[in-house]
2 protein chains.
Amino acid sequence: MTERTHLSRRRLLTAAGTAGAAGLAVGTTTGALAHSAATDDPGPALTTLGSTAVPFHGDHQPGITTPMQAHGHLAAFDLVPGADRRAAAALLRRWSTLAAELMAGGRPETDTGVSHDAGPASLSVTFGFGHSFFDATGLTTARPAALEPLPAFSADELDPARSNGDLWIQIGADDALVAFHALRTLQRAAAETAAVRWQMTGFNRSPGATARPMTARNLMGQVDGTNNPRPEDDDFEARVFVPANGEPAWMARGSYAVVRRIRMLLDDWENRSLDEQERVIGRRKSDGAPLTGGEETTPVDLAATHPDGTGVIAANAHVRVTAPESNGGAAMLRRPFSYSDGFRDDGAPDAGLLFIAWQADPLRGFVPVQRKLDRGDALSEFIRHEASALFAVPGGAREGEYVGQALLEG
Amino acid sequence: MTERTHLSRRRLLTAAGTAGAAGLAVGTTTGALAHSAATDDPGPALTTLGSTAVPFHGDHQPGITTPMQAHGHLAAFDLVPGADRRAAAALLRRWSTLAAELMAGGRPETDTGVSHDAGPASLSVTFGFGHSFFDATGLTTARPAALEPLPAFSADELDPARSNGDLWIQIGADDALVAFHALRTLQRAAAETAAVRWQMTGFNRSPGATARPMTARNLMGQVDGTNNPRPEDDDFEARVFVPANGEPAWMARGSYAVVRRIRMLLDDWENRSLDEQERVIGRRKSDGAPLTGGEETTPVDLAATHPDGTGVIAANAHVRVTAPESNGGAAMLRRPFSYSDGFRDDGAPDAGLLFIAWQADPLRGFVPVQRKLDRGDALSEFIRHEASALFAVPGGAREGEYVGQALLEG
C-alpha cells in the first residue's frame with residue numbers, strides 16, 4: 001500500500017466532505033498529517049477519520065492544540081516502591097517509543113492486535129509529571145514552582161484516590177478501539193515501574209455528527225469553548241506554553257495541565273427553564289450567542305443593560321465571571337472530554353466534564369479564574385468538582401529522544 | 001434545509017468513500033434512510049455519519065439487523081412499587097414516541113439540548129421485557145415460555161445487581177453525545193414509573209477507522225462475528241425472529257435478546273503466544289482466517305488433520321465448539337459492543353464484551369451453544385460471565401403504535 005493511494009482517496013473525501021469528518025480532521029492548525037496505516041495488504045482504504053496521523057515529535061507534545069478527538073482516556077500512574085529516576089527514565093523512553101509508533105499507525109512488537117488493520121485515527125498521547133513524581137525520584141530541586149498544589153476551593157468535593165498522581169497520560173483518538181489499545185499498551189509497558197492510580201474515560205462529538213463542527217456541546221447542552229484562545233491569536237503561545245527560554249529549562253515549550261473531574265447535577269439543571277439556564281450562563285443555549293446579541297463568536301457586551309438599568313449579563317453569569325477582562329487577562333486553553341459513567345444510587349447520572357485546561361502558568365491561568373468562579377458563579381450550584389490534578393507537561397520530544405529526557409537526564 | 005440537499009451530499013460521499021464511513025452507514029440491509037437533521041438553519045451540512053437515520057417503525061425493532069454503531073448503552077429498568085400494567089403501557093408509549101422522534105433527528109419538547117444541531121447519527125433504540133416484568137404487571141399468562149430463566153452455567157460468576165430487570169433499552173449511535181442524550185431522555189421519561197437497575201456502556205469501531213469494515217475486532221484482538229447468520233441467508237428470518245404467526249401472538253416478528261457481560265482476563269490472554277492464542281480460537285489473529293486455510297469467510301474444515309493425525313482445529317477450539325454443525329444447527333445473531341470500565345484493584349482491565357445475541361428461541365440459539373462452551377471451550381479460561389439477562393423484544397411498532405402495545409393492551 002503506497003502513501004499515495006491514501007492521499008488520493010483522502011483528497012477525494014476532503015473535497016466531497018469539507019464540512020464534516022474530512023474538514024475536522026484535516027483542516028487543523030497543528031499540521032496533522034495523513035499517514036498510511038500498517039496493514040498487511042492493501043484491502044479497502046481507510047477514510048480520513050482512520051488514516052489521519054498526528055505527529056508525535058515536535059516543539060510541543062500532541063494533544064494540546066490537536067483538534068479534540070471523539071474518545072479520550074486519562075490515566076494517572078504512581079511509581080511502584082523502589083522505582084527510581086533511572087527506572088522512570090526507562091519508562092518514559094518506552095512510553096515515548098510506543099506513542100510515536102502507535103500514533104504513526106505502526107504496530108509494536110508483541111502487540112495485542114486490538115487496533116490491527118485500523119488506522120491511527122488521530123491518536124495522540126501526552127505525558128505529564130505530577131508534584132509527587134519529584135519526591136519519588138529525588139528530583140525535588142528540578143520541580144517547577146508552577147507545580148505547587150492548587151489552592152483549595154470552597155466548592156471542592158475532591159476524592160484523593162482519583163486526584164493527582166506521579167505520572168499522567170492523556171490519550172485521544174477518533175476510534176474507541178484505537179484509544180483502548182493505546183491505553184492498554186502503555187499500561188503494559190509500565191509494568192514493574194508504575195501502576196495505575198486512577199483512570200477516566202471521556203468523549204466528544206464524532207467528526208461529521210454535527211452540522212456545527214466549530215463548537216462543542218457539553219452534557220448540560222451548552223455550547224462550551226467559544227472563548228478559548230486560538231492558535232492564531234498573538235498571545236496564544238505565551239499563554240499556553242512555557243517559553244523556549246523559560247524556567248525550569250526542562251519545561252521549555254511545555255505546558256501545565258489542570259485536570260478536574262466536574263460532575264454535573266443534571267437533575268437540578270434540567271429542572272430549570274431555558275430562560276433560567278441561559279441567565280446562569282449568559283449565552284443562548286441554541287447557538288451559544290451572548291444574551292447581548294449576535295452570534296456565537298460575537299463578543300459579550302458585559303456593560304449592556306436592560307431598560308430598567310439591570311445588566312443583561314447577570315453579575316454572577318458564568319460568561320462574566322470567566323471573561324478574561326474579569327480576570328486580569330488570565331486565559332487558558334480548555335480541551336475537555338465529556339464523561340458518562342452510568343448512574344448513582346439515587347438515580348442521578350454520574351456524568352459531566354473531564355475538564356482539562358492548558359496554560360503556561362496555572363497561577364495566571366486556572367487559579368485566578370477558579371477563585372472567581374468559587375466566589376460567585378451562578379453555574380457552581382449545578383456542578384461538583386470531584387477530582388483534581390496538576391501536571392507538568394514537557395515540550396515535545398525530538399526524533400530519537402523521549403518526553404522528559406531533559407528532566408530525567410538533566 | 002431540504003432532504004434533497006442531504007441526499008445529494010450523501011450520494012457524493014457514498015461514491016467517494018464506499019469503503020469507509022459512507023459504505024458502513026448506507027450500504028445496509030435494513031434500509032436505513034438518510035434524514036435531514038432538525039437544525040434551526042442550514043449551516044454546514046452533516047456528513048453521512050451524522051445524517052443517517054434508522055427507521056423506528058417497521059416489522060422488526062431497530063438495533064437487531066441495524067449495522068453495529070460505534071457507541072452503545074444498555075440499561076435495565078425495574079418498575080417502581082405500585083406501577084401497574086396501565087403505567088407500564090403509558091411508559092412504553094412515551095418511550096416509543098421519544099425513540100421515533102430522536103431516531104428521525106427531531107427534538108422532543110423540553111429537550112436538554114445535548115444533541116442539538118447534531119444529526120441522528122444512526123441512532124437506534126430497542127425495547128425489551130424481562131421475566132419479572134410479567135409478575136410486576138400481572139401479565140404472567142402472557143409470558144412466553146422462551147423467557148424462562150437461562151440455565152446456570154458452571155463458569156458463571158453472575159452479579160444479580162447487574163443481571164435481568166423488568167425492562168430493557170438498547171441504544172446505539174455513531175456519536176457519543178447522541179447516544180448519551182437518548183439514554184438520558186428515556187431515563188427522564190421513566191420517572192415515577194421505572195428506575196434504572198443497571199446500565200452498561202460499550203463501543204465498536206468508528207465508521208472509517210478500519211480498512212476492513214466487514215469484521216469487528218474484540219478487545220482480545222480477535223476478529224469476531226465471522227460466522228454470524230447473514231440477512232441474505234435463507235433461514236435468517238427463521239433463526240432470528242419469531243414468525244408472524246408465532247406464539248405468543250404479541251411476540252410476532254419479535255426476537256429474544258441474551259445479554260451477557262463477559263469480562264476478558266487480558267493479563268492471562270496477552271501472556272500467551274500468538275500460536276497459543278490462535279489454537280484457542282482456531283483462527284488466525286491477523287485476518288480471522290481459519291487455521292485450515294483460506295481467508296476470513298472460508299468455511300472452517302473441522303475434519304482437517306496434521307500429518308501426524310491430530311486435528312488442525314483442536315477439539316476444544318472456540319470455532320469448533322461454536323460451529324453450527326457442532327450444535328445441531330443452532331445459530332444466533334451476535335451483535336455485541338466492547339466495554340472498558342477502567343481498571344480493577346489488582347491492575348487488571350475491567351474490560352471485555354457486552355455480548356448480545358438475537359434469536360427466535362433462546363433454547364435453540366444461545367443455550368445449546370453456551371452449554372457446549374461451558375463444558376469444553378478453550379477460550380473459557382480467559383473470560384468470565386459477570387452478568388446475564390434475557391429479554392423478549394416484540395416486533396416493531398407501526399406508525400401511531402408503541403412497542404409492546406399488543407401485550408399491554410392485548
# chains A, B, ... in the order shown; residues from 1 in each chain; ligands from 1

call {"tool": "interface_residues", "arguments": {"of": "chain B", "to": "chain A", "cutoff": "6 Å", "atoms": "only C-alpha atoms", "output": "PDB file with N, CA and C atoms, in the first residue's frame"}}
result
ATOM      1  N   ALA B  19     -15.764   2.452   0.973  1.00  0.00           N
ATOM      2  CA  ALA B  19     -15.096   1.513   1.875  1.00  0.00           C
ATOM      3  C   ALA B  19     -15.169   1.972   3.319  1.00  0.00           C
ATOM      4  N   GLY B  20     -15.532   3.212   3.542  1.00  0.00           N
ATOM      5  CA  GLY B  20     -15.414   3.736   4.899  1.00  0.00           C
ATOM      6  C   GLY B  20     -16.745   4.106   5.499  1.00  0.00           C
ATOM      7  N   PRO B  44     -23.526  24.372   7.980  1.00  0.00           N
ATOM      8  CA  PRO B  44     -22.777  23.395   7.204  1.00  0.00           C
ATOM      9  C   PRO B  44     -23.487  22.045   7.254  1.00  0.00           C
ATOM     10  N   ALA B  45     -23.397  21.294   6.173  1.00  0.00           N
ATOM     11  CA  ALA B  45     -24.105  20.021   6.101  1.00  0.00           C
ATOM     12  C   ALA B  45     -23.405  18.964   6.947  1.00  0.00           C
ATOM     13  N   LEU B  46     -24.185  18.021   7.405  1.00  0.00           N
ATOM     14  CA  LEU B  46     -23.637  16.864   8.094  1.00  0.00           C
ATOM     15  C   LEU B  46     -23.008  15.937   7.078  1.00  0.00           C
ATOM     16  N   THR B  47     -22.094  15.118   7.501  1.00  0.00           N
ATOM     17  CA  THR B  47     -21.683  14.013   6.651  1.00  0.00           C
ATOM     18  C   THR B  47     -22.679  12.880   6.857  1.00  0.00           C
ATOM     19  N   LEU B  49     -22.263  10.187   8.311  1.00  0.00           N
ATOM     20  CA  LEU B  49     -22.238   9.682   9.684  1.00  0.00           C
ATOM     21  C   LEU B  49     -23.301  10.356  10.527  1.00  0.00           C
ATOM     22  N   GLY B  50     -23.384  11.678  10.410  1.00  0.00           N
ATOM     23  CA  GLY B  50     -24.357  12.388  11.222  1.00  0.00           C
ATOM     24  C   GLY B  50     -25.771  12.284  10.702  1.00  0.00           C
ATOM     25  N   THR B 112     -33.095  18.517  26.534  1.00  0.00           N
ATOM     26  CA  THR B 112     -31.902  19.003  27.240  1.00  0.00           C
ATOM     27  C   THR B 112     -30.932  19.718  26.311  1.00  0.00           C
ATOM     28  N   GLY B 113     -31.089  19.532  24.990  1.00  0.00           N
ATOM     29  CA  GLY B 113     -30.232  20.236  24.037  1.00  0.00           C
ATOM     30  C   GLY B 113     -28.900  19.567  23.769  1.00  0.00           C
ATOM     31  N   VAL B 114     -28.627  18.436  24.405  1.00  0.00           N
ATOM     32  CA  VAL B 114     -27.295  17.823  24.260  1.00  0.00           C
ATOM     33  C   VAL B 114     -27.008  17.413  22.818  1.00  0.00           C
ATOM     34  N   ASP B 117     -28.333  20.411  17.094  1.00  0.00           N
ATOM     35  CA  ASP B 117     -27.527  20.629  15.884  1.00  0.00           C
ATOM     36  C   ASP B 117     -26.663  19.431  15.485  1.00  0.00           C
ATOM     37  N   ALA B 118     -26.922  18.262  16.077  1.00  0.00           N
ATOM     38  CA  ALA B 118     -26.309  17.038  15.567  1.00  0.00           C
ATOM     39  C   ALA B 118     -27.356  16.256  14.794  1.00  0.00           C
ATOM     40  N   GLY B 119     -26.908  15.421  13.899  1.00  0.00           N
ATOM     41  CA  GLY B 119     -27.822  14.527  13.205  1.00  0.00           C
ATOM     42  C   GLY B 119     -28.121  13.308  14.063  1.00  0.00           C
ATOM     43  N   ASP B 175     -22.483   8.539  17.383  1.00  0.00           N
ATOM     44  CA  ASP B 175     -21.966   9.703  18.100  1.00  0.00           C
ATOM     45  C   ASP B 175     -22.272   9.522  19.585  1.00  0.00           C
ATOM     46  N   GLN B 199     -26.835  -0.279  34.183  1.00  0.00           N
ATOM     47  CA  GLN B 199     -26.557   0.387  32.912  1.00  0.00           C
ATOM     48  C   GLN B 199     -25.122   0.082  32.524  1.00  0.00           C
ATOM     49  N   ARG B 205     -15.904  -0.125  16.537  1.00  0.00           N
ATOM     50  CA  ARG B 205     -15.100   0.755  15.707  1.00  0.00           C
ATOM     51  C   ARG B 205     -15.925   1.908  15.159  1.00  0.00           C
ATOM     52  N   SER B 206     -15.272   3.049  15.012  1.00  0.00           N
ATOM     53  CA  SER B 206     -15.889   4.175  14.316  1.00  0.00           C
ATOM     54  C   SER B 206     -15.910   3.872  12.828  1.00  0.00           C
ATOM     55  N   GLY B 208     -15.084   4.094   9.222  1.00  0.00           N
ATOM     56  CA  GLY B 208     -13.939   4.693   8.553  1.00  0.00           C
ATOM     57  C   GLY B 208     -12.623   4.501   9.274  1.00  0.00           C
ATOM     58  N   ALA B 209     -12.650   3.941  10.494  1.00  0.00           N
ATOM     59  CA  ALA B 209     -11.399   3.787  11.249  1.00  0.00           C
ATOM     60  C   ALA B 209     -10.628   2.554  10.836  1.00  0.00           C
ATOM     61  N   THR B 210     -11.320   1.602  10.257  1.00  0.00           N
ATOM     62  CA  THR B 210     -10.647   0.372   9.876  1.00  0.00           C
ATOM     63  C   THR B 210     -10.722   0.162   8.378  1.00  0.00           C
ATOM     64  N   ALA B 211      -9.703  -0.477   7.849  1.00  0.00           N
ATOM     65  CA  ALA B 211      -9.686  -0.778   6.426  1.00  0.00           C
ATOM     66  C   ALA B 211     -10.496  -2.032   6.118  1.00  0.00           C
ATOM     67  N   LEU B 219     -11.663  -7.025  22.212  1.00  0.00           N
ATOM     68  CA  LEU B 219     -10.523  -6.479  22.964  1.00  0.00           C
ATOM     69  C   LEU B 219      -9.434  -7.518  23.215  1.00  0.00           C
ATOM     70  N   GLY B 221      -8.294  -8.758  20.543  1.00  0.00           N
ATOM     71  CA  GLY B 221      -7.632  -8.563  19.256  1.00  0.00           C
ATOM     72  C   GLY B 221      -8.112  -9.527  18.195  1.00  0.00           C
ATOM     73  N   GLY B 342     -12.315   0.913  32.976  1.00  0.00           N
ATOM     74  CA  GLY B 342     -11.169   1.232  33.832  1.00  0.00           C
ATOM     75  C   GLY B 342     -10.442  -0.018  34.300  1.00  0.00           C
TER      76      GLY B 342
END

call {"tool": "select_by_dssp", "arguments": {"residues": "stretch 220-389 of chain A", "states": "strand (DSSP E or B)", "output": "ChimeraX atom specification"}}
result
/A:223-224,255-264,283,290,305,311,333-334,337-343,349-359,383-389

call {"tool": "atom_distance", "arguments": {"atom1": "atom CA of B:Arg93", "atom2": "atom CA of B:Pro62"}}
result
16.3 Å

call {"tool": "select_by_dssp", "arguments": {"residues": "stretch 44-211 of chain A", "states": "helix (DSSP H, G or I)", "output": "MDAnalysis selection string"}}
result
chainID A and resid 48:51 85:103 131:136 140:142 145:147 160:162 176:190

call {"tool": "closest_residue", "arguments": {"among": "A:Ala146, A:Val125, A:Val403, A:Val259", "to": "A:Thr66", "atoms": "only C-alpha atoms"}}
result
A:Val125

call {"tool": "closest_residue", "arguments": {"among": "A:Asp275, A:Asp301, A:Glu237, A:Asp156", "to": "A:Leu373", "atoms": "only C-alpha atoms"}}
result
A:Asp156

call {"tool": "residues_around", "arguments": {"residues": "A:Val393", "least_positions_apart": "3", "cutoff": "8 Å", "atoms": "only C-alpha atoms", "output": "PyMOL selection string"}}
result
chain A and resi 61+126-129+251+254-257

call {"tool": "write_last_selection", "arguments": {"atoms": "N, CA, C and O atoms", "output": "mmCIF file, in the first residue's frame"}}
result
data_model
loop_
_atom_site.group_PDB
_atom_site.id
_atom_site.type_symbol
_atom_site.label_atom_id
_atom_site.label_comp_id
_atom_site.auth_asym_id
_atom_site.auth_seq_id
_atom_site.Cartn_x
_atom_site.Cartn_y
_atom_site.Cartn_z
ATOM 1 N N GLN A 61 4.211 18.728 22.766
ATOM 2 C CA GLN A 61 3.592 17.412 22.730
ATOM 3 C C GLN A 61 2.244 17.501 22.014
ATOM 4 O O GLN A 61 1.594 18.552 21.992
ATOM 5 N N THR A 126 -0.088 12.089 25.332
ATOM 6 C CA THR A 126 0.568 13.207 26.009
ATOM 7 C C THR A 126 1.006 12.735 27.388
ATOM 8 O O THR A 126 0.233 12.068 28.075
ATOM 9 N N PHE A 127 2.227 13.080 27.776
ATOM 10 C CA PHE A 127 2.755 12.635 29.069
ATOM 11 C C PHE A 127 3.003 13.821 29.989
ATOM 12 O O PHE A 127 3.492 14.864 29.549
ATOM 13 N N GLY A 128 2.696 13.656 31.279
ATOM 14 C CA GLY A 128 2.938 14.714 32.252
ATOM 15 C C GLY A 128 3.487 14.163 33.559
ATOM 16 O O GLY A 128 3.418 12.956 33.829
ATOM 17 N N PHE A 129 4.035 15.074 34.367
ATOM 18 C CA PHE A 129 4.638 14.728 35.654
ATOM 19 C C PHE A 129 3.907 15.472 36.768
ATOM 20 O O PHE A 129 3.726 16.691 36.697
ATOM 21 N N MET A 251 11.363 22.390 31.105
ATOM 22 C CA MET A 251 9.960 22.643 30.740
ATOM 23 C C MET A 251 9.836 23.579 29.536
ATOM 24 O O MET A 251 8.724 24.011 29.194
ATOM 25 N N GLY A 254 6.941 23.532 27.104
ATOM 26 C CA GLY A 254 5.947 22.672 27.744
ATOM 27 C C GLY A 254 4.713 23.467 28.153
ATOM 28 O O GLY A 254 4.552 24.639 27.789
ATOM 29 N N SER A 255 3.849 22.818 28.905
ATOM 30 C CA SER A 255 2.617 23.458 29.358
ATOM 31 C C SER A 255 2.195 22.780 30.660
ATOM 32 O O SER A 255 2.709 21.710 31.010
ATOM 33 N N TYR A 256 1.287 23.404 31.367
ATOM 34 C CA TYR A 256 0.752 22.813 32.594
ATOM 35 C C TYR A 256 -0.707 22.454 32.374
ATOM 36 O O TYR A 256 -1.484 23.278 31.880
ATOM 37 N N ALA A 257 -1.040 21.221 32.732
ATOM 38 C CA ALA A 257 -2.411 20.739 32.558
ATOM 39 C C ALA A 257 -3.109 20.679 33.899
ATOM 40 O O ALA A 257 -2.636 20.011 34.821
#

call {"tool": "residues_around", "arguments": {"residues": "A:Gln359", "least_positions_apart": "6", "cutoff": "12 Å", "atoms": "only C-alpha atoms", "output": "number ranges by chain"}}
result
A: 64-65, 146-147, 228-229, 235-243, 253-259, 330-335, 365-367, 390-393

call {"tool": "write_last_selection", "arguments": {"atoms": "N, CA, C and O atoms", "output": "short mmCIF file (atom, residue, chain, number, x, y, z; two decimals), in the first residue's frame"}}
result
data_model
loop_
_atom_site.label_atom_id
_atom_site.label_comp_id
_atom_site.auth_asym_id
_atom_site.auth_seq_id
_atom_site.Cartn_x
_atom_site.Cartn_y
_atom_site.Cartn_z
N ILE A 64 -2.56 18.89 22.73
CA ILE A 64 -2.80 20.21 23.35
C ILE A 64 -3.50 21.11 22.34
O ILE A 64 -4.62 21.57 22.58
N THR A 65 -2.86 21.30 21.19
CA THR A 65 -3.54 22.05 20.12
C THR A 65 -4.13 21.10 19.07
O THR A 65 -4.79 21.56 18.14
N ALA A 146 5.60 26.23 39.51
CA ALA A 146 4.23 26.22 38.98
C ALA A 146 3.49 24.93 39.30
O ALA A 146 2.28 24.84 39.11
N LEU A 147 4.22 23.93 39.81
CA LEU A 147 3.59 22.64 40.10
C LEU A 147 3.14 22.54 41.56
O LEU A 147 2.65 21.49 41.99
N ASN A 228 -12.25 30.19 23.94
CA ASN A 228 -10.92 29.63 24.03
C ASN A 228 -9.91 30.48 23.27
O ASN A 228 -10.23 31.01 22.21
N PRO A 229 -8.68 30.63 23.80
CA PRO A 229 -7.62 31.23 22.97
C PRO A 229 -7.48 30.44 21.68
O PRO A 229 -7.70 29.22 21.66
N ASP A 235 -1.07 36.23 21.34
CA ASP A 235 -0.53 35.81 22.64
C ASP A 235 -0.81 34.34 22.95
O ASP A 235 -0.65 33.91 24.09
N PHE A 236 -1.22 33.58 21.93
CA PHE A 236 -1.58 32.18 22.18
C PHE A 236 -0.41 31.39 22.77
O PHE A 236 -0.53 30.75 23.81
N GLU A 237 0.73 31.46 22.11
CA GLU A 237 1.90 30.69 22.56
C GLU A 237 2.28 31.09 23.98
O GLU A 237 2.55 30.24 24.83
N ALA A 238 2.28 32.39 24.24
CA ALA A 238 2.71 32.89 25.55
C ALA A 238 1.75 32.45 26.65
O ALA A 238 2.15 32.21 27.79
N ARG A 239 0.48 32.33 26.31
CA ARG A 239 -0.49 31.94 27.33
C ARG A 239 -0.48 30.45 27.61
O ARG A 239 -0.68 30.02 28.73
N VAL A 240 -0.26 29.67 26.54
CA VAL A 240 -0.42 28.22 26.67
C VAL A 240 0.90 27.52 26.96
O VAL A 240 0.93 26.54 27.71
N PHE A 241 2.00 28.02 26.41
CA PHE A 241 3.26 27.27 26.50
C PHE A 241 4.34 28.03 27.27
O PHE A 241 4.45 29.26 27.16
N VAL A 242 5.15 27.31 28.01
CA VAL A 242 6.34 27.86 28.64
C VAL A 242 7.29 28.31 27.53
O VAL A 242 7.46 27.58 26.54
N PRO A 243 7.89 29.50 27.66
CA PRO A 243 8.77 29.96 26.57
C PRO A 243 9.98 29.04 26.40
O PRO A 243 10.34 28.29 27.31
N ARG A 253 8.98 25.08 26.22
CA ARG A 253 7.94 24.72 25.24
C ARG A 253 6.89 23.75 25.81
O ARG A 253 6.06 23.22 25.08
N GLY A 254 6.94 23.53 27.10
CA GLY A 254 5.95 22.67 27.74
C GLY A 254 4.71 23.47 28.15
O GLY A 254 4.55 24.64 27.79
N SER A 255 3.85 22.82 28.90
CA SER A 255 2.62 23.46 29.36
C SER A 255 2.20 22.78 30.66
O SER A 255 2.71 21.71 31.01
N TYR A 256 1.29 23.40 31.37
CA TYR A 256 0.75 22.81 32.59
C TYR A 256 -0.71 22.45 32.37
O TYR A 256 -1.48 23.28 31.88
N ALA A 257 -1.04 21.22 32.73
CA ALA A 257 -2.41 20.74 32.56
C ALA A 257 -3.11 20.68 33.90
O ALA A 257 -2.64 20.01 34.82
N VAL A 258 -4.22 21.40 34.02
CA VAL A 258 -5.10 21.26 35.18
C VAL A 258 -6.23 20.32 34.76
O VAL A 258 -6.90 20.55 33.74
N VAL A 259 -6.39 19.26 35.52
CA VAL A 259 -7.42 18.25 35.22
C VAL A 259 -8.43 18.25 36.35
O VAL A 259 -8.05 18.08 37.52
N ALA A 330 -6.33 36.69 32.40
CA ALA A 330 -6.00 35.27 32.56
C ALA A 330 -6.72 34.46 31.49
O ALA A 330 -7.89 34.69 31.22
N ALA A 331 -6.01 33.54 30.89
CA ALA A 331 -6.64 32.70 29.88
C ALA A 331 -5.98 31.34 29.87
O ALA A 331 -4.79 31.21 30.17
N MET A 332 -6.76 30.37 29.56
CA MET A 332 -6.25 29.00 29.46
C MET A 332 -6.96 28.35 28.29
O MET A 332 -8.03 28.77 27.89
N LEU A 333 -6.31 27.34 27.74
CA LEU A 333 -6.91 26.60 26.63
C LEU A 333 -7.65 25.41 27.22
O LEU A 333 -7.02 24.51 27.78
N ARG A 334 -8.96 25.44 27.09
CA ARG A 334 -9.75 24.31 27.62
C ARG A 334 -9.94 23.29 26.51
O ARG A 334 -10.33 23.64 25.40
N ARG A 335 -9.63 22.04 26.82
CA ARG A 335 -9.72 20.96 25.83
C ARG A 335 -10.26 19.73 26.56
O ARG A 335 -9.53 18.79 26.87
N GLY A 365 -3.45 31.26 34.95
CA GLY A 365 -4.49 30.69 34.09
C GLY A 365 -5.66 30.20 34.93
O GLY A 365 -6.56 30.96 35.29
N PHE A 366 -5.59 28.95 35.33
CA PHE A 366 -6.72 28.33 36.02
C PHE A 366 -7.03 28.97 37.37
O PHE A 366 -8.19 29.22 37.69
N VAL A 367 -5.98 29.20 38.17
CA VAL A 367 -6.21 29.56 39.58
C VAL A 367 -7.02 30.84 39.74
O VAL A 367 -8.02 30.85 40.47
N LEU A 390 -2.79 18.32 38.78
CA LEU A 390 -1.99 19.31 38.05
C LEU A 390 -0.72 18.59 37.58
O LEU A 390 -0.06 17.92 38.38
N PHE A 391 -0.43 18.73 36.31
CA PHE A 391 0.74 18.04 35.75
C PHE A 391 1.61 18.99 34.94
O PHE A 391 1.09 19.86 34.22
N ALA A 392 2.91 18.80 35.06
CA ALA A 392 3.87 19.50 34.21
C ALA A 392 4.07 18.65 32.96
O ALA A 392 4.46 17.49 33.05
N VAL A 393 3.77 19.25 31.82
CA VAL A 393 3.82 18.53 30.54
C VAL A 393 4.97 19.12 29.73
O VAL A 393 4.85 20.24 29.20
#

call {"tool": "residues_around", "arguments": {"residues": "stretch 134-142 of chain A", "least_positions_apart": "5", "cutoff": "9 Å", "atoms": "only C-alpha atoms", "output": "NGL selection string"}}
result
:A and (79 or 81-86 or 88 or 129 or 166 or 248 or 250 or 407-408)

call {"tool": "residues_around", "arguments": {"residues": "A:Gly288", "least_positions_apart": "3", "cutoff": "9 Å", "atoms": "only C-alpha atoms", "output": "NGL selection string"}}
result
:A and (215 or 222-224 or 226 or 282-285 or 291 or 295-297)

call {"tool": "residues_around", "arguments": {"residues": "A:Pro299", "least_positions_apart": "6", "cutoff": "10 Å", "atoms": "only C-alpha atoms", "output": "PyMOL selection string"}}
result
chain A and resi 226-227+289-290+292-293

call {"tool": "write_last_selection", "arguments": {"atoms": "N, CA, C and O atoms", "output": "PDB file, in the first residue's frame"}}
result
ATOM      1  N   THR A 226     -16.281  28.574  23.408  1.00  0.00           N
ATOM      2  CA  THR A 226     -16.282  29.661  22.435  1.00  0.00           C
ATOM      3  C   THR A 226     -15.137  30.642  22.654  1.00  0.00           C
ATOM      4  O   THR A 226     -14.491  31.077  21.699  1.00  0.00           O
ATOM      5  N   ASN A 227     -14.867  30.969  23.915  1.00  0.00           N
ATOM      6  CA  ASN A 227     -13.856  31.992  24.208  1.00  0.00           C
ATOM      7  C   ASN A 227     -12.458  31.439  24.361  1.00  0.00           C
ATOM      8  O   ASN A 227     -11.575  32.136  24.853  1.00  0.00           O
ATOM      9  N   ALA A 289     -24.774  32.102  21.320  1.00  0.00           N
ATOM     10  CA  ALA A 289     -24.611  33.557  21.180  1.00  0.00           C
ATOM     11  C   ALA A 289     -24.810  34.233  22.536  1.00  0.00           C
ATOM     12  O   ALA A 289     -25.624  33.779  23.342  1.00  0.00           O
ATOM     13  N   PRO A 290     -24.067  35.338  22.789  1.00  0.00           N
ATOM     14  CA  PRO A 290     -24.256  36.053  24.052  1.00  0.00           C
ATOM     15  C   PRO A 290     -25.684  36.571  24.163  1.00  0.00           C
ATOM     16  O   PRO A 290     -26.321  36.870  23.140  1.00  0.00           O
ATOM     17  N   THR A 292     -26.407  39.318  24.916  1.00  0.00           N
ATOM     18  CA  THR A 292     -26.377  40.699  24.419  1.00  0.00           C
ATOM     19  C   THR A 292     -26.442  40.752  22.895  1.00  0.00           C
ATOM     20  O   THR A 292     -26.312  41.824  22.312  1.00  0.00           O
ATOM     21  N   GLY A 293     -26.629  39.607  22.263  1.00  0.00           N
ATOM     22  CA  GLY A 293     -26.896  39.625  20.833  1.00  0.00           C
ATOM     23  C   GLY A 293     -25.755  39.133  19.968  1.00  0.00           C
ATOM     24  O   GLY A 293     -24.641  38.923  20.425  1.00  0.00           O
TER      25      GLY A 293
END

call {"tool": "atom_distance", "arguments": {"atom1": "atom CA of B:Ala397", "atom2": "atom CA of B:Ala249"}}
result
14.1 Å

call {"tool": "closest_residue", "arguments": {"among": "A:Ala87, A:Met264, A:Ala314, A:Ala152", "to": "A:Glu192", "atoms": "only C-alpha atoms"}}
result
A:Ala87

call {"tool": "decode", "arguments": {"residues": "stretch 289-296 of chain A", "atoms": "N, CA and C atoms", "output": "short mmCIF file (atom, residue, chain, number, x, y, z; two decimals), in the first residue's frame"}}
result
data_model
loop_
_atom_site.label_atom_id
_atom_site.label_comp_id
_atom_site.auth_asym_id
_atom_site.auth_seq_id
_atom_site.Cartn_x
_atom_site.Cartn_y
_atom_site.Cartn_z
N ALA A 289 -24.77 32.10 21.32
CA ALA A 289 -24.61 33.56 21.18
C ALA A 289 -24.81 34.23 22.54
N PRO A 290 -24.07 35.34 22.79
CA PRO A 290 -24.26 36.05 24.05
C PRO A 290 -25.68 36.57 24.16
N LEU A 291 -26.18 36.71 25.37
CA LEU A 291 -27.53 37.26 25.56
C LEU A 291 -27.58 38.72 25.13
N THR A 292 -26.41 39.32 24.92
CA THR A 292 -26.38 40.70 24.42
C THR A 292 -26.44 40.75 22.90
N GLY A 293 -26.63 39.61 22.26
CA GLY A 293 -26.90 39.63 20.83
C GLY A 293 -25.76 39.13 19.97
N GLY A 294 -26.11 38.94 18.68
CA GLY A 294 -25.11 38.50 17.72
C GLY A 294 -25.11 36.99 17.58
N GLU A 295 -23.96 36.49 17.21
CA GLU A 295 -23.83 35.04 17.07
C GLU A 295 -22.78 34.53 18.05
N GLU A 296 -22.46 33.24 17.94
CA GLU A 296 -21.63 32.62 18.97
C GLU A 296 -20.34 33.39 19.23
#
